[in-house]
Structure formats: C-alpha cells, structure tokens
Amino acid sequence: MDQSVRLRAATENDRRAIADHLLYAFNEHKSDELRDLEKKIIEPERSLVVEDGGEIVGSAAVQTRDMTVPGNVIPVAHVTGVAVSPTHRRRGLLTAMMRRQLTDIAGAGREPVAALWASEAAIYPRYGYGPAVHRLRFDIRSREVKLTGPAAPAGRFRLIEPKNARADLVAVHEAQRGHRVGWSSRPGYWWDYLLDDGDDQRGGATELRGVLYETADGPAGYALWRVKNDWTPQGPNSAVRVTELIAGDTGVYAELWRFLLNIDLTRSASYHFATVDEPLQFMVDDPRLLSRTYDDALWVRLVDLPAALEARRYAAPVDVVFEVTDPVLEANSGRWRLVGDQDKASCVRTEEAPDFACGVTELGAAYLGGTALTALAAAGRIQTFTGNLPSTAFGWHRAPSAIEVF
C-alpha cells in the first residue's frame, strides 16, 4: 500500500466520516436522511479505514450476522462498505484492506465464512470470493400473465404499514430463515434499515406498502412493495415494485402473488431477488411474461476451510481428498480429506493423493450449493485426477437464495 496513507481500525468517532465516504463512493445523495441511515448499519469495531491527512479515503466493514448454509445456521462475516476514494485508486488500498480484513476475521476465530455482494464482479475473486448464489430479476406483464397454484389455507389479507407491523414481519422471516440457504439473520438495526421509508429510499415511487396473509395460527406470509405511478393516453400504467415476499406455505405464496399482480391501476410488476428455482415460474401459464434476467447475488469466501466444510451438511455421502491453494490465508492451503453426509462432516489434513485440486475461490462458489463443481471443472477451474468429484453432495434440495443486499 502507498506509504503516504495509514490503514487503521475505525472508532466510534468515524461513523459520520465513513457514512459520507460511502455515500460519495456509491453515488448517493449526502442527505442527512441517508447519512443517518448509513450510520445505523456501521459497526465501528469491525470496520477498517484508510486515512490520508486526517481524511478517510478508504473503508471496509463487517456486519455481525448469521447465515443459513446447507443443513445449518452459522456465523458468517457479512462484508460491506468496501470503497476507495477516486483520488486514491490503484495505490494498493483495496488489497491492503481486504487482506487485513480477512486476517482479522480468521484471527477472531468466530466466523469460518465471509460473504458479500460485489459491486464490480471482477474484483473479489482476487481475494478468494466465488459466485455462490445467483438470482433472477422478474419484470412481469402482470395483466397478461395467468397464475395458477394451490389454494391457500383459510385466512385473510390485512393491509399494513410495514414499520407498525414489524413484529409480524420478524415472525414470518424467522420462521423461514432456517430453511432457506443464503438467508441472513436480521439484527434490530437491520430491520430499522430495511423498513426505513424516507424520500431517498423511494426512487420516485410511493411509500413502502405491505400486506399480511393471516390464518387462525397467525401471520403466514407477507409482501412489501411500492408503486411507481404512471398514466398514458390509453389509461393507467403504474408499476408494482416488489421489495420482498415471504411465505412458508405454497398456497399463501401463490395468493400473495395474485394480490400483487392484480393491484388496481397497475400493468406491470418487478421483483429482482427471485431464486433461480423460484416457484412463480411454474405457476404461470407463460413464463416468458416474467421477462427473467439472470444475475449474480452472494459471493462467498471460506475463511477457515476445515471449519467451514464441517459446518455444513451434504446432500449425498461424500468421501473425497482435494488440494487447495489460498494465497491470502495460507492456513487453508494444502491437502484435505472431507467425509460427510446429511448428519455430520469432518475435514482434516491428509497426505493421500487428491481427487481434485482448485483454489479457495472455487470452493467458495460451490459452498452454498448454487454453483456446481462439475460446471467449474468443465470451465477449467478445477483439476480432476479421479472420477470422484462430489458435485451432487455439495448441492442441496433448494437453490440458495439472497433476498437482500447488505
């Protein structure tokens, strides 16, 4: 790193400066509203800053949260707020921050895995992050598509103001989180952030709106959305922007989508956090009317390789030897034997001949079951020496999902 600047741990006094730095770097307004919102989600004790003459010119942070992985829920370092000022690009600041951050996470020994959303996808494989979760963007012609699906259990819709119904939203989210690979825990500050409804959050649309589907047992699902108002000479042409839809019951899920696709005066709906196996695709008469676009979502990095591989479960029995290269955290490099199934797993060093060899980036991509080892091998990213490549074992019964950017 350029010796004219200083990399250090952040302090509580850095909150505002970090917030201003991030708003500038991500091309957001430096309004008091957005500054206060950004400050809420900063954990100074887990943030790094680069300082030049008393001014913050680089930052990288971690949120302390859990994540569901195949068969388990584990602590995962949620990496966020990574940015370098335009005046200090290409001076080694990003590399210094990412290496220091990974070393700090590994040294703390709490989180065997790190995850992030990549603003620029070419950057993070350099530091061992692999594309682990993918998503679909739906831009739906809602007045043309016909939706089928099973009936919901007896219940009713209730319109809500999301902030005022927070306890119900938390209950629905928590009931599903442990079953959905890729979903994260939501500390109180994160619910504050998600439900904030200031003008800067609306993008020209309405306030955040919500509906609960309630049964005799309580809330069974919810949807959050905004409406972008529009009229043409032919009449109303407003668009529903779906923020989140969660339901454990298939009938409730279908009923919520029926509700959203039939809001008065709207002609389209969008949802940009669908899973690659989203059920809606198989509940409509013409899936082309969903206008699906494929995109990356979560990127995953194994910080403590044996602990990470022992923490998850495997869809089929696995007994494999592999060799890994990790240029940042050298403790991960070497030859390992993984034995596991749907109940338990062990990962220990070995001198046995490997079945395959790869970098830590490839294991991160495969970790949540969203990127097949066979696909990585076909792309030349994994060297195979035997026929024992446990792609099926690394999968899971549902595709991983990422329903929020952190």
# chains A, B, ... in the order shown; residues from 1 in each chain; ligands from 1
$ residues_around --residues "Ile160 of chain A" --least-positions-apart "6" --cutoff "8 Å" --atoms "only C-alpha atoms" --output "list of chain:residue names"
A:Arg209, A:Gly210, A:Val211, A:Leu212
$ select_by_dssp --residues "segment 21-160 of chain A" --states "helix (DSSP H, G or I)" --output "ChimeraX atom specification"
/A:21-25,32-40,44-46,86-88,93-108,124-127
$ atom_distance --atom1 "atom CA of Arg186 of chain A" --atom2 "atom CA of Val170 of chain A"
8.5 Å
$ residues_around --residues "segment 79-83 of chain A" --least-positions-apart "6" --cutoff "10 Å" --atoms "only C-alpha atoms" --output "ChimeraX atom specification"
/A:18-19,21-26,38,41-42,46-49,57-64,89,93-94,97-98,101-102,114-119,299-300,405-406
$ write_last_selection --atoms "C-alpha atoms" --output "short mmCIF file (atom, residue, chain, number, x, y, z; two decimals), in the first residue's frame"
data_model
loop_
_atom_site.label_atom_id
_atom_site.label_comp_id
_atom_site.auth_asym_id
_atom_site.auth_seq_id
_atom_site.Cartn_x
_atom_site.Cartn_y
_atom_site.Cartn_z
CA ILE A 18 -17.43 6.58 6.94
CA ALA A 19 -21.06 7.25 6.03
CA HIS A 21 -17.30 8.39 2.28
CA LEU A 22 -19.65 5.55 1.28
CA LEU A 23 -22.43 7.83 0.05
CA TYR A 24 -19.92 9.59 -2.20
CA ALA A 25 -18.32 6.36 -3.43
CA PHE A 26 -21.69 4.76 -4.29
CA GLU A 38 -25.94 4.54 6.75
CA ILE A 41 -25.54 -0.22 9.97
CA ILE A 42 -21.88 0.60 10.61
CA ARG A 46 -15.45 -4.24 12.82
CA SER A 47 -14.56 -1.53 10.31
CA LEU A 48 -11.28 -0.55 8.73
CA VAL A 49 -10.43 2.85 7.29
CA VAL A 57 -10.13 7.72 1.67
CA GLY A 58 -10.90 4.01 2.03
CA SER A 59 -13.15 1.76 4.09
CA ALA A 60 -14.15 -1.88 4.55
CA ALA A 61 -16.57 -3.21 7.15
CA VAL A 62 -18.17 -6.35 8.54
CA GLN A 63 -21.68 -6.86 9.88
CA THR A 64 -22.02 -9.47 12.63
CA ARG A 89 -7.38 4.40 -6.75
CA LEU A 93 -5.54 0.46 -0.68
CA LEU A 94 -8.22 -2.08 -1.59
CA MET A 97 -7.93 -3.55 3.38
CA MET A 98 -9.20 -6.88 2.03
CA GLN A 101 -9.98 -7.79 6.95
CA LEU A 102 -9.64 -11.49 6.11
CA ALA A 114 -17.36 -14.46 4.74
CA ALA A 115 -19.90 -13.23 2.18
CA LEU A 116 -20.58 -10.07 0.20
CA TRP A 117 -22.45 -8.52 -2.70
CA ALA A 118 -19.99 -7.46 -5.41
CA SER A 119 -20.49 -4.01 -6.87
CA TRP A 299 -20.21 -14.13 -3.22
CA VAL A 300 -18.73 -16.46 -0.59
CA VAL A 405 -28.30 -6.54 -0.39
CA PHE A 406 -26.15 -5.77 2.64
#
$ closest_atom_pairs --of "segment 231-341 of chain A" --to "segment 214-225 of chain A" --cutoff "9 Å" --atoms "only C-alpha atoms" --output "Markdown table"
| residue | atom | partner | partner_atom | distance |
| --- | --- | --- | --- | --- |
| A:Val240 | CA | A:Trp225 | CA | 6.6 |
| A:Arg241 | CA | A:Trp225 | CA | 5.4 |
| A:Val242 | CA | A:Trp225 | CA | 4.3 |
| A:Thr243 | CA | A:Trp225 | CA | 5.1 |
| A:Glu244 | CA | A:Leu224 | CA | 5.2 |
| A:Leu245 | CA | A:Ala223 | CA | 4.3 |
| A:Ile246 | CA | A:Gly221 | CA | 5.4 |
| A:Ala247 | CA | A:Gly221 | CA | 4.1 |
| A:Gly248 | CA | A:Gly221 | CA | 6.9 |
| A:Asp249 | CA | A:Ala220 | CA | 7.4 |
| A:Val252 | CA | A:Gly221 | CA | 6.5 |
| A:Tyr253 | CA | A:Gly221 | CA | 7.2 |
| A:Leu256 | CA | A:Ala223 | CA | 6.7 |
| A:Trp257 | CA | A:Ala223 | CA | 8.5 |
| A:Leu260 | CA | A:Ala223 | CA | 8.2 |
$ residues_around --residues "segment 343-348 of chain A" --least-positions-apart "6" --cutoff "10 Å" --atoms "only C-alpha atoms" --output "number ranges by chain"
A: 71, 305-315, 317-321, 335-337
$ select_by_dssp --residues "segment 136-305 of chain A" --states "strand (DSSP E)" --output "PyMOL selection string"
chain A and resi 136-140+156-160+209-215+218-228+231-232+235-236+238-247+266-274+293-296+298-302
$ decode --residues "segment 104-135 of chain A" --atoms "C-alpha atoms" --output "PDB file, in the first residue's frame"
ATOM      1  CA  ASP A 104      -8.794 -10.178  11.278  1.00  0.00           C
ATOM      2  CA  ILE A 105     -11.816 -12.422  10.634  1.00  0.00           C
ATOM      3  CA  ALA A 106      -9.640 -15.526  10.660  1.00  0.00           C
ATOM      4  CA  GLY A 107      -7.817 -14.388  13.789  1.00  0.00           C
ATOM      5  CA  ALA A 108     -11.044 -13.817  15.704  1.00  0.00           C
ATOM      6  CA  GLY A 109     -11.990 -17.464  15.056  1.00  0.00           C
ATOM      7  CA  ARG A 110     -15.769 -16.901  15.168  1.00  0.00           C
ATOM      8  CA  GLU A 111     -16.776 -16.873  11.511  1.00  0.00           C
ATOM      9  CA  PRO A 112     -15.466 -19.618   9.213  1.00  0.00           C
ATOM     10  CA  VAL A 113     -17.086 -17.973   6.173  1.00  0.00           C
ATOM     11  CA  ALA A 114     -17.361 -14.455   4.739  1.00  0.00           C
ATOM     12  CA  ALA A 115     -19.901 -13.235   2.184  1.00  0.00           C
ATOM     13  CA  LEU A 116     -20.579 -10.069   0.204  1.00  0.00           C
ATOM     14  CA  TRP A 117     -22.449  -8.517  -2.704  1.00  0.00           C
ATOM     15  CA  ALA A 118     -19.991  -7.460  -5.406  1.00  0.00           C
ATOM     16  CA  SER A 119     -20.488  -4.009  -6.875  1.00  0.00           C
ATOM     17  CA  GLU A 120     -17.916  -4.995  -9.503  1.00  0.00           C
ATOM     18  CA  ALA A 121     -17.678  -8.722 -10.152  1.00  0.00           C
ATOM     19  CA  ALA A 122     -14.106  -8.734 -11.468  1.00  0.00           C
ATOM     20  CA  ILE A 123     -12.642  -7.539  -8.171  1.00  0.00           C
ATOM     21  CA  TYR A 124     -13.459 -10.060  -5.473  1.00  0.00           C
ATOM     22  CA  PRO A 125     -12.221 -13.378  -6.920  1.00  0.00           C
ATOM     23  CA  ARG A 126      -8.744 -11.920  -6.353  1.00  0.00           C
ATOM     24  CA  TYR A 127      -9.397 -12.236  -2.626  1.00  0.00           C
ATOM     25  CA  GLY A 128     -10.952 -15.712  -2.705  1.00  0.00           C
ATOM     26  CA  TYR A 129     -14.650 -14.857  -3.130  1.00  0.00           C
ATOM     27  CA  GLY A 130     -16.606 -17.076  -5.526  1.00  0.00           C
ATOM     28  CA  PRO A 131     -20.096 -16.531  -7.020  1.00  0.00           C
ATOM     29  CA  ALA A 132     -22.152 -18.758  -4.709  1.00  0.00           C
ATOM     30  CA  VAL A 133     -25.746 -17.528  -5.137  1.00  0.00           C
ATOM     31  CA  HIS A 134     -27.443 -16.364  -8.291  1.00  0.00           C
ATOM     32  CA  ARG A 135     -30.785 -14.653  -8.727  1.00  0.00           C
TER      33      ARG A 135
END
